[in-house]
Structures are given as C-alpha cells and as structure tokens.
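Written out below as structure tokens is the structure these notes cover.
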Amino acid sequence: MPLTADQQRRVAQAQVDPAPTLDGLQAMIGAWHDETFGAGSGVRRLDAIAEHLIREAFELRNGKPSAPPYQPPHQPEEAADCAILLLAHAARASYSLHQAILERFAVLQTRTWGEPDADGVIEHVREADP
C-alpha cells in the first residue's frame, strides 16, 4: 500500500532529525499513543497492547494473514510494529524499557544456554541459572 503524502513527509523528516535515545523514543511514542488511543495505564489497556503485540509478532514470523505468502522485505516493518508496541507498553506502565533491557541483558549474559529445540529455539538451562 503506497504511503500518503503526510506519511511520506513524516518519513522524510524522521530521516533528517537526530535520532532520539530509546527513552526519548519511548516518550514520543507514549505521547502519540495517548493522543491517538486515549491516556491511561489500567490493566485492561496494558493487556490490549500485549495482545496487539502478540498479533504483530505473528505477522513478523508468518506475514500478514490477508497478504500473499510471507515476503522477507516486510520483516523490518513488522519488527518495528513490535518495538513500537513494547515502547507504548513501557510508557503506559511507567517504566524505562531502556533500563529494563540493560538489566535483563546483564542477567541473560550470565545464563547457561541449551541446545536448539525442534523449532530452533534455544532456551536457558533452568537448573544452572542464578
């Protein structure tokens, strides 16, 4: 689907503006999300964002249900949708996704990792972890 003139203008502007920090991007997305979908951080709204994230993650893996078979060029678009929803969730729940990522990555680096399962997923070994 082609971009509208307004969307083209926004994309062009995003390409020349200095990149915000992750916390800055979270604030921008949070403000847009509140303006577009209404403010609030209730559990129901957070659950709705999480449900939307599940749907976008499905599209990241499988492509859009209404589209022809999955085409790899759409993967960045779907990954971006997932990231935007994660940042919207963090903004609504009032935590820094940047800080959460740093803390969680520090834990992941200390873990022992198993072998790939039948789907190729590698999970941490639960008994050996801190």
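Ordering of the structure tokens sets the chain letters (A, B, ...); residue numbers start at 1 within each chain; ligands are numbered from 1 in the order shown.
Summary of the local environment: counting only C-alpha atoms, residues at most 10 Å from A:Glu77, other than itself and those fewer than 6 positions away along its chain, are Glu56, Glu59, Leu60 and Ala83 of chain A.
Comparing the minimum interatomic distances between A:Ile101 and each of A:Gly120, A:Asp17, A:Leu46, A:Asp23, counting only C-alpha atoms, we find that A:Asp23 sits nearest.
Proximity to A:Cys82 was assessed for A:Ala106, A:Leu22, A:Leu97, A:Ala57 counting only C-alpha atoms; the smallest distance is recorded for A:Ala57.
With distances taken over only C-alpha atoms, A:Trp113 is the one residue among A:Trp113, A:Phe105, A:Phe58, A:Phe37 lying closest to A:Arg126.
Counting only C-alpha atoms and comparing A:Ala93, A:Ala100, A:Val125, A:Ala118, the residue that lies closest to A:Arg44 is A:Ala93.
Nearest residue to A:Ile54 among A:Leu102, A:Leu85, A:Ala31, A:Ala91 is A:Leu85, counting only C-alpha atoms.
Coordinates place atom CA of A:Leu87 at a distance of 13.8 Å from atom CA of A:Ala48.
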